[in-house]
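Structure file work11.txt (compact mmCIF, N, CA and C atoms) is printed below.
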# COMPACT_ATOMS: atom_id res chain seq x y z
N MET A 238 0.82 -1.20 0.00
CA MET A 238 0.00 0.00 0.00
C MET A 238 0.87 1.26 0.00
N ILE A 239 1.98 1.21 0.73
CA ILE A 239 2.88 2.37 0.77
C ILE A 239 3.48 2.62 -0.61
N ASN A 240 3.85 1.53 -1.29
CA ASN A 240 4.39 1.67 -2.65
C ASN A 240 3.35 2.29 -3.58
N PHE A 241 2.09 1.89 -3.41
CA PHE A 241 0.98 2.42 -4.20
C PHE A 241 0.86 3.93 -3.98
N LEU A 242 0.89 4.37 -2.73
CA LEU A 242 0.78 5.80 -2.42
C LEU A 242 1.99 6.59 -2.91
N ALA A 243 3.18 6.04 -2.75
CA ALA A 243 4.39 6.73 -3.19
C ALA A 243 4.39 6.90 -4.71
N THR A 244 3.98 5.87 -5.43
CA THR A 244 3.91 5.97 -6.89
C THR A 244 2.84 6.98 -7.30
N GLY A 245 1.71 6.98 -6.60
CA GLY A 245 0.65 7.94 -6.89
C GLY A 245 1.08 9.38 -6.66
N ILE A 246 1.81 9.60 -5.59
CA ILE A 246 2.30 10.95 -5.30
C ILE A 246 3.30 11.38 -6.37
N GLY A 247 4.18 10.46 -6.75
CA GLY A 247 5.15 10.78 -7.80
C GLY A 247 4.48 11.10 -9.13
N LEU A 248 3.47 10.32 -9.49
CA LEU A 248 2.74 10.60 -10.73
C LEU A 248 1.96 11.90 -10.63
N GLY A 249 1.43 12.19 -9.46
CA GLY A 249 0.71 13.44 -9.27
C GLY A 249 1.62 14.64 -9.43
N LEU A 250 2.83 14.55 -8.90
CA LEU A 250 3.80 15.64 -9.08
C LEU A 250 4.20 15.80 -10.54
N LEU A 251 4.34 14.68 -11.24
CA LEU A 251 4.65 14.74 -12.67
C LEU A 251 3.51 15.40 -13.44
N LEU A 252 2.28 15.03 -13.10
CA LEU A 252 1.13 15.63 -13.77
C LEU A 252 0.99 17.11 -13.47
N SER A 253 1.46 17.53 -12.31
CA SER A 253 1.30 18.94 -11.94
C SER A 253 2.14 19.87 -12.80
N ILE A 254 3.18 19.36 -13.44
CA ILE A 254 4.00 20.23 -14.29
C ILE A 254 3.68 20.07 -15.78
N MET A 255 2.77 19.17 -16.10
CA MET A 255 2.39 18.98 -17.50
C MET A 255 1.48 20.11 -17.96
N LEU A 256 1.62 20.48 -19.22
CA LEU A 256 0.81 21.55 -19.77
C LEU A 256 -0.52 20.99 -20.27
N GLY A 257 -1.58 21.54 -19.76
CA GLY A 257 -2.92 21.15 -20.17
C GLY A 257 -3.86 22.30 -19.92
N PRO A 258 -5.14 22.10 -20.15
CA PRO A 258 -6.10 23.20 -19.96
C PRO A 258 -6.16 23.70 -18.52
N ILE A 259 -6.03 22.79 -17.57
CA ILE A 259 -6.07 23.20 -16.16
C ILE A 259 -4.86 24.07 -15.82
N PHE A 260 -3.72 23.76 -16.39
CA PHE A 260 -2.52 24.56 -16.15
C PHE A 260 -2.75 26.01 -16.56
N PHE A 261 -3.36 26.20 -17.73
CA PHE A 261 -3.55 27.56 -18.21
C PHE A 261 -4.63 28.30 -17.42
N VAL A 262 -5.66 27.58 -16.96
CA VAL A 262 -6.66 28.21 -16.10
C VAL A 262 -6.03 28.61 -14.77
N LEU A 263 -5.18 27.75 -14.25
CA LEU A 263 -4.49 28.05 -13.01
C LEU A 263 -3.56 29.25 -13.17
N LEU A 264 -2.87 29.30 -14.28
CA LEU A 264 -1.99 30.43 -14.56
C LEU A 264 -2.78 31.73 -14.69
N GLU A 265 -3.90 31.68 -15.43
CA GLU A 265 -4.74 32.87 -15.60
C GLU A 265 -5.30 33.34 -14.27
N THR A 266 -5.75 32.39 -13.44
CA THR A 266 -6.32 32.76 -12.14
C THR A 266 -5.26 33.41 -11.26
N SER A 267 -4.05 32.87 -11.27
CA SER A 267 -3.01 33.46 -10.43
C SER A 267 -2.62 34.86 -10.90
N ILE A 268 -2.68 35.10 -12.21
CA ILE A 268 -2.34 36.43 -12.72
C ILE A 268 -3.45 37.44 -12.41
N LYS A 269 -4.71 37.03 -12.67
CA LYS A 269 -5.82 37.97 -12.51
C LYS A 269 -6.24 38.17 -11.06
N LYS A 270 -6.22 37.09 -10.27
CA LYS A 270 -6.80 37.17 -8.93
C LYS A 270 -5.81 36.96 -7.79
N GLY A 271 -4.60 36.55 -8.12
CA GLY A 271 -3.59 36.39 -7.09
C GLY A 271 -3.33 34.95 -6.70
N ILE A 272 -2.31 34.79 -5.87
CA ILE A 272 -1.84 33.47 -5.48
C ILE A 272 -2.85 32.73 -4.60
N LYS A 273 -3.56 33.49 -3.76
CA LYS A 273 -4.51 32.85 -2.86
C LYS A 273 -5.65 32.21 -3.65
N ALA A 274 -6.17 32.89 -4.64
CA ALA A 274 -7.23 32.33 -5.47
C ALA A 274 -6.72 31.13 -6.26
N ALA A 275 -5.47 31.19 -6.72
CA ALA A 275 -4.89 30.06 -7.45
C ALA A 275 -4.73 28.84 -6.55
N LEU A 276 -4.38 29.06 -5.29
CA LEU A 276 -4.26 27.95 -4.35
C LEU A 276 -5.63 27.31 -4.09
N PHE A 277 -6.67 28.12 -3.99
CA PHE A 277 -8.00 27.55 -3.80
C PHE A 277 -8.47 26.81 -5.05
N LEU A 278 -8.14 27.31 -6.22
CA LEU A 278 -8.44 26.61 -7.46
C LEU A 278 -7.72 25.27 -7.48
N ASP A 279 -6.46 25.27 -7.07
CA ASP A 279 -5.68 24.04 -7.01
C ASP A 279 -6.25 23.07 -5.99
N LEU A 280 -6.82 23.57 -4.91
CA LEU A 280 -7.48 22.71 -3.93
C LEU A 280 -8.66 21.99 -4.56
N GLY A 281 -9.43 22.69 -5.37
CA GLY A 281 -10.55 22.05 -6.08
C GLY A 281 -10.06 20.99 -7.05
N ILE A 282 -8.96 21.26 -7.74
CA ILE A 282 -8.38 20.28 -8.66
C ILE A 282 -7.91 19.06 -7.89
N LEU A 283 -7.29 19.27 -6.75
CA LEU A 283 -6.83 18.17 -5.91
C LEU A 283 -8.00 17.32 -5.43
N LEU A 284 -9.08 17.96 -4.99
CA LEU A 284 -10.25 17.21 -4.54
C LEU A 284 -10.86 16.38 -5.67
N SER A 285 -10.88 16.94 -6.87
CA SER A 285 -11.38 16.21 -8.02
C SER A 285 -10.51 14.99 -8.34
N ASP A 286 -9.20 15.17 -8.28
CA ASP A 286 -8.29 14.05 -8.50
C ASP A 286 -8.48 12.96 -7.44
N LEU A 287 -8.61 13.36 -6.20
CA LEU A 287 -8.83 12.38 -5.13
C LEU A 287 -10.14 11.62 -5.33
N MET A 288 -11.18 12.31 -5.80
CA MET A 288 -12.44 11.64 -6.09
C MET A 288 -12.25 10.60 -7.19
N TYR A 289 -11.56 10.99 -8.27
CA TYR A 289 -11.33 10.06 -9.38
C TYR A 289 -10.47 8.87 -8.96
N ILE A 290 -9.45 9.12 -8.16
CA ILE A 290 -8.59 8.03 -7.70
C ILE A 290 -9.38 7.06 -6.83
N SER A 291 -10.23 7.58 -5.95
CA SER A 291 -11.04 6.73 -5.09
C SER A 291 -12.01 5.89 -5.91
N ILE A 292 -12.68 6.51 -6.87
CA ILE A 292 -13.62 5.78 -7.73
C ILE A 292 -12.87 4.71 -8.52
N ALA A 293 -11.73 5.07 -9.07
CA ALA A 293 -10.96 4.11 -9.86
C ALA A 293 -10.47 2.95 -9.00
N TYR A 294 -10.01 3.24 -7.79
CA TYR A 294 -9.51 2.18 -6.91
C TYR A 294 -10.61 1.19 -6.55
N VAL A 295 -11.77 1.70 -6.18
CA VAL A 295 -12.89 0.81 -5.84
C VAL A 295 -13.33 0.02 -7.06
N PHE A 296 -13.43 0.67 -8.21
CA PHE A 296 -13.87 0.00 -9.43
C PHE A 296 -12.90 -1.09 -9.84
N VAL A 297 -11.60 -0.79 -9.82
CA VAL A 297 -10.61 -1.78 -10.23
C VAL A 297 -10.59 -2.95 -9.25
N SER A 298 -10.78 -2.69 -7.97
CA SER A 298 -10.85 -3.77 -6.99
C SER A 298 -12.03 -4.69 -7.28
N GLN A 299 -13.17 -4.09 -7.58
CA GLN A 299 -14.36 -4.89 -7.87
C GLN A 299 -14.19 -5.69 -9.16
N VAL A 300 -13.61 -5.07 -10.18
CA VAL A 300 -13.41 -5.77 -11.45
C VAL A 300 -12.37 -6.88 -11.28
N ALA A 301 -11.34 -6.66 -10.46
CA ALA A 301 -10.33 -7.70 -10.24
C ALA A 301 -10.96 -8.91 -9.57
N ASP A 302 -11.87 -8.68 -8.62
CA ASP A 302 -12.57 -9.80 -7.99
C ASP A 302 -13.48 -10.50 -8.99
N PHE A 303 -14.14 -9.73 -9.83
CA PHE A 303 -15.04 -10.29 -10.83
C PHE A 303 -14.25 -11.05 -11.89
N LYS A 304 -13.05 -10.58 -12.18
CA LYS A 304 -12.22 -11.17 -13.22
C LYS A 304 -11.76 -12.58 -12.85
N THR A 305 -11.60 -12.86 -11.58
CA THR A 305 -11.17 -14.18 -11.15
C THR A 305 -12.31 -15.17 -11.04
N SER A 306 -13.54 -14.71 -11.22
CA SER A 306 -14.68 -15.62 -11.13
C SER A 306 -14.93 -16.27 -12.48
N GLU A 307 -15.98 -17.10 -12.53
CA GLU A 307 -16.31 -17.79 -13.79
C GLU A 307 -17.08 -16.90 -14.76
N HIS A 308 -17.34 -15.65 -14.40
CA HIS A 308 -18.13 -14.75 -15.23
C HIS A 308 -17.27 -13.84 -16.12
N ILE A 309 -16.03 -14.21 -16.37
CA ILE A 309 -15.13 -13.37 -17.16
C ILE A 309 -15.66 -13.19 -18.58
N TYR A 310 -16.34 -14.19 -19.10
CA TYR A 310 -16.92 -14.10 -20.45
C TYR A 310 -17.90 -12.93 -20.52
N TRP A 311 -18.75 -12.78 -19.51
CA TRP A 311 -19.73 -11.69 -19.50
C TRP A 311 -19.07 -10.33 -19.34
N LEU A 312 -17.97 -10.30 -18.63
CA LEU A 312 -17.22 -9.04 -18.50
C LEU A 312 -16.71 -8.59 -19.86
N HIS A 313 -16.24 -9.52 -20.67
CA HIS A 313 -15.78 -9.17 -22.02
C HIS A 313 -16.93 -8.68 -22.89
N ILE A 314 -18.07 -9.33 -22.80
CA ILE A 314 -19.23 -8.94 -23.60
C ILE A 314 -19.70 -7.53 -23.21
N VAL A 315 -19.87 -7.29 -21.92
CA VAL A 315 -20.36 -5.99 -21.45
C VAL A 315 -19.35 -4.89 -21.78
N GLY A 316 -18.06 -5.15 -21.59
CA GLY A 316 -17.03 -4.16 -21.92
C GLY A 316 -17.03 -3.83 -23.40
N GLY A 317 -17.18 -4.85 -24.23
CA GLY A 317 -17.23 -4.62 -25.68
C GLY A 317 -18.43 -3.79 -26.08
N ILE A 318 -19.59 -4.08 -25.48
CA ILE A 318 -20.80 -3.32 -25.79
C ILE A 318 -20.65 -1.86 -25.37
N VAL A 319 -20.06 -1.63 -24.20
CA VAL A 319 -19.86 -0.26 -23.71
C VAL A 319 -18.96 0.51 -24.67
N PHE A 320 -17.87 -0.11 -25.13
CA PHE A 320 -16.97 0.58 -26.05
C PHE A 320 -17.61 0.81 -27.41
N ILE A 321 -18.43 -0.12 -27.87
CA ILE A 321 -19.12 0.08 -29.15
C ILE A 321 -20.10 1.24 -29.05
N ILE A 322 -20.86 1.29 -27.97
CA ILE A 322 -21.82 2.39 -27.77
C ILE A 322 -21.07 3.72 -27.65
N PHE A 323 -20.00 3.74 -26.89
CA PHE A 323 -19.21 4.97 -26.73
C PHE A 323 -18.67 5.44 -28.08
N GLY A 324 -18.14 4.52 -28.86
CA GLY A 324 -17.62 4.88 -30.17
C GLY A 324 -18.70 5.39 -31.10
N TYR A 325 -19.86 4.73 -31.10
CA TYR A 325 -20.97 5.15 -31.95
C TYR A 325 -21.45 6.56 -31.57
N LEU A 326 -21.61 6.80 -30.28
CA LEU A 326 -22.07 8.12 -29.84
C LEU A 326 -21.03 9.21 -30.14
N THR A 327 -19.77 8.86 -30.05
CA THR A 327 -18.72 9.83 -30.36
C THR A 327 -18.73 10.20 -31.84
N ILE A 328 -18.93 9.20 -32.69
CA ILE A 328 -18.95 9.46 -34.14
C ILE A 328 -20.19 10.26 -34.53
N LYS A 329 -21.33 9.94 -33.96
CA LYS A 329 -22.59 10.57 -34.35
C LYS A 329 -22.88 11.88 -33.63
N LYS A 330 -22.04 12.23 -32.68
CA LYS A 330 -22.29 13.43 -31.89
C LYS A 330 -22.21 14.68 -32.77
N LYS A 331 -23.21 15.48 -32.68
CA LYS A 331 -23.21 16.74 -33.41
C LYS A 331 -22.55 17.80 -32.54
N ARG A 332 -21.70 18.54 -33.18
CA ARG A 332 -21.02 19.60 -32.43
C ARG A 332 -21.86 20.86 -32.46
N ARG A 333 -22.21 21.27 -31.30
CA ARG A 333 -23.00 22.49 -31.18
C ARG A 333 -22.17 23.54 -30.46
N LYS A 334 -22.26 24.72 -30.95
CA LYS A 334 -21.57 25.82 -30.30
C LYS A 334 -22.55 26.49 -29.35
N ARG A 335 -22.16 26.51 -28.13
CA ARG A 335 -23.00 27.14 -27.13
C ARG A 335 -22.46 28.52 -26.82
N LYS A 336 -23.36 29.42 -26.69
CA LYS A 336 -22.95 30.78 -26.33
C LYS A 336 -23.19 30.95 -24.84
N THR A 337 -22.15 30.72 -24.11
CA THR A 337 -22.25 30.89 -22.67
C THR A 337 -21.32 32.00 -22.24
N GLN A 338 -21.76 32.69 -21.27
CA GLN A 338 -20.95 33.75 -20.71
C GLN A 338 -20.54 33.33 -19.32
N ALA A 339 -19.25 33.16 -19.14
CA ALA A 339 -18.73 32.77 -17.84
C ALA A 339 -18.74 33.98 -16.92
N LYS A 340 -19.34 33.80 -15.78
CA LYS A 340 -19.34 34.87 -14.80
C LYS A 340 -18.00 34.89 -14.10
N ASP A 341 -17.42 36.03 -14.04
CA ASP A 341 -16.13 36.19 -13.40
C ASP A 341 -16.32 36.11 -11.89
N LEU A 342 -15.51 35.27 -11.25
CA LEU A 342 -15.62 35.13 -9.81
C LEU A 342 -14.96 36.32 -9.11
N LYS A 343 -15.55 36.71 -8.02
CA LYS A 343 -14.96 37.78 -7.23
C LYS A 343 -13.68 37.25 -6.59
N THR A 344 -12.80 38.16 -6.24
CA THR A 344 -11.51 37.76 -5.67
C THR A 344 -11.68 37.04 -4.34
N ASN A 345 -12.68 37.41 -3.56
CA ASN A 345 -12.84 36.81 -2.24
C ASN A 345 -13.81 35.64 -2.23
N ASN A 346 -14.26 35.18 -3.38
CA ASN A 346 -15.16 34.04 -3.45
C ASN A 346 -14.34 32.76 -3.58
N TYR A 347 -13.73 32.33 -2.48
CA TYR A 347 -12.82 31.19 -2.53
C TYR A 347 -13.57 29.87 -2.65
N PHE A 348 -14.74 29.77 -2.09
CA PHE A 348 -15.53 28.54 -2.25
C PHE A 348 -15.89 28.34 -3.72
N GLY A 349 -16.27 29.41 -4.39
CA GLY A 349 -16.57 29.33 -5.82
C GLY A 349 -15.34 28.97 -6.64
N THR A 350 -14.18 29.43 -6.21
CA THR A 350 -12.94 29.11 -6.90
C THR A 350 -12.60 27.63 -6.73
N VAL A 351 -12.82 27.08 -5.53
CA VAL A 351 -12.61 25.65 -5.31
C VAL A 351 -13.56 24.84 -6.19
N LEU A 352 -14.82 25.25 -6.24
CA LEU A 352 -15.79 24.54 -7.09
C LEU A 352 -15.41 24.63 -8.57
N LYS A 353 -14.91 25.78 -8.98
CA LYS A 353 -14.48 25.95 -10.37
C LYS A 353 -13.35 24.98 -10.69
N GLY A 354 -12.37 24.89 -9.81
CA GLY A 354 -11.26 23.96 -10.01
C GLY A 354 -11.72 22.52 -10.01
N PHE A 355 -12.65 22.20 -9.10
CA PHE A 355 -13.16 20.83 -9.00
C PHE A 355 -13.88 20.43 -10.29
N PHE A 356 -14.79 21.28 -10.75
CA PHE A 356 -15.59 20.92 -11.92
C PHE A 356 -14.81 21.02 -13.23
N LEU A 357 -13.86 21.96 -13.32
CA LEU A 357 -13.02 22.02 -14.52
C LEU A 357 -12.20 20.74 -14.67
N ASN A 358 -11.73 20.22 -13.56
CA ASN A 358 -10.94 18.99 -13.60
C ASN A 358 -11.84 17.77 -13.75
N ALA A 359 -13.04 17.82 -13.17
CA ALA A 359 -13.93 16.65 -13.19
C ALA A 359 -14.54 16.39 -14.56
N VAL A 360 -14.68 17.41 -15.39
CA VAL A 360 -15.31 17.20 -16.70
C VAL A 360 -14.33 16.71 -17.75
N ASN A 361 -13.08 16.52 -17.39
CA ASN A 361 -12.07 16.04 -18.32
C ASN A 361 -12.13 14.51 -18.38
N PRO A 362 -12.67 13.93 -19.45
CA PRO A 362 -12.78 12.46 -19.50
C PRO A 362 -11.43 11.78 -19.61
N GLY A 363 -10.45 12.45 -20.17
CA GLY A 363 -9.12 11.86 -20.26
C GLY A 363 -8.52 11.59 -18.90
N LEU A 364 -8.83 12.44 -17.94
CA LEU A 364 -8.33 12.28 -16.60
C LEU A 364 -8.91 11.02 -15.96
N LEU A 365 -10.18 10.77 -16.17
CA LEU A 365 -10.81 9.57 -15.63
C LEU A 365 -10.16 8.32 -16.21
N PHE A 366 -9.96 8.30 -17.52
CA PHE A 366 -9.31 7.14 -18.15
C PHE A 366 -7.87 7.00 -17.66
N TYR A 367 -7.19 8.12 -17.45
CA TYR A 367 -5.82 8.08 -16.96
C TYR A 367 -5.77 7.42 -15.58
N TRP A 368 -6.62 7.88 -14.66
CA TRP A 368 -6.57 7.33 -13.31
C TRP A 368 -7.02 5.88 -13.27
N PHE A 369 -7.99 5.50 -14.12
CA PHE A 369 -8.37 4.09 -14.18
C PHE A 369 -7.19 3.24 -14.65
N GLY A 370 -6.48 3.74 -15.65
CA GLY A 370 -5.31 3.02 -16.15
C GLY A 370 -4.21 2.91 -15.11
N MET A 371 -3.91 4.01 -14.43
CA MET A 371 -2.85 4.01 -13.43
C MET A 371 -3.19 3.10 -12.25
N VAL A 372 -4.42 3.18 -11.78
CA VAL A 372 -4.80 2.34 -10.66
C VAL A 372 -4.77 0.87 -11.07
N GLY A 373 -5.21 0.58 -12.28
CA GLY A 373 -5.17 -0.79 -12.77
C GLY A 373 -3.75 -1.32 -12.87
N ILE A 374 -2.85 -0.51 -13.38
CA ILE A 374 -1.45 -0.92 -13.49
C ILE A 374 -0.83 -1.12 -12.11
N LEU A 375 -1.08 -0.18 -11.21
CA LEU A 375 -0.49 -0.27 -9.87
C LEU A 375 -1.08 -1.43 -9.08
N ARG A 376 -2.37 -1.70 -9.25
CA ARG A 376 -2.97 -2.85 -8.57
C ARG A 376 -2.39 -4.16 -9.11
N GLY A 377 -2.11 -4.18 -10.41
CA GLY A 377 -1.50 -5.36 -11.01
C GLY A 377 -0.11 -5.61 -10.46
N LYS A 378 0.67 -4.55 -10.27
CA LYS A 378 2.02 -4.67 -9.71
C LYS A 378 1.96 -5.07 -8.23
N GLU A 379 0.93 -4.58 -7.54
CA GLU A 379 0.78 -4.87 -6.13
C GLU A 379 0.50 -6.35 -5.89
N LYS A 380 -0.22 -6.98 -6.82
CA LYS A 380 -0.59 -8.40 -6.67
C LYS A 380 0.60 -9.32 -6.95
N LEU A 381 1.61 -8.83 -7.71
CA LEU A 381 2.75 -9.68 -8.07
C LEU A 381 3.65 -9.98 -6.91
Can you give me the file's structure in the form of structure tokens?
Amino acid sequence: MINFLATGIGLGLLLSIMLGPIFFVLLETSIKKGIKAALFLDLGILLSDLMYISIAYVFVSQVADFKTSEHIYWLHIVGGIVFIIFGYLTIKKKRRKRKTQAKDLKTNNYFGTVLKGFFLNAVNPGLLFYWFGMVGILRGKEKL
């Protein structure tokens, strides 16, 4: 378990220096509203990551138990159907441009800044797939 946490912390630090949309939002927030607002935004991002890691850990544990049972055939069928549906919906999805106006948060609205960081990070589907992959790999190494 300690190895699992140490690897997770190391990967988290690596991810913190990678350039992505959250990095630029964090940079913009620190320039416009100051370091304190950027720290609260980062707190929301951290909470979102912790939520994803927890969900991924529980899910991978459940799937690992299911994988050792005699129902592995059904796991393959259901997984294949999910990926086919996901691919079909992705191909057929119509791109709509929404005209939304983002309300600028006040400098002292730190709870709103935490929520902004949480939801900006939570809507990134790549992050969910990343944490599922990392937890799956680390759980596999842990069992060896």
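Atom to atom, atom CA of Ala243 of chain A and atom CA of Phe303 of chain A stand 26.9 Å apart.
Of the listed residues (A:Ile314, A:Ile309, A:Leu242, A:Leu248), A:Leu242 comes nearest to Arg376 of chain A; the distances count only C-alpha atoms.
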Assign secondary structure with DSSP using the backbone only, and return the residues of chain A in alpha helix (DSSP H) as a ChimeraX atom specification. /A:239-253,258-270,272-304,309-329,347-359,362-380
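Picture a line from atom CA of Lys269 of chain A to atom N of Leu256 of chain A; it runs 20.2 Å.
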So that I can see what lies close to segment 363-371 of chain A, please list as a VMD selection string the residues with an atom at most 10 Å from it, counting only C-alpha atoms and leaving out residues fewer than 6 positions away in the same chain. chain A and resid 244 to 245 248 285 to 294 296 to 297 377
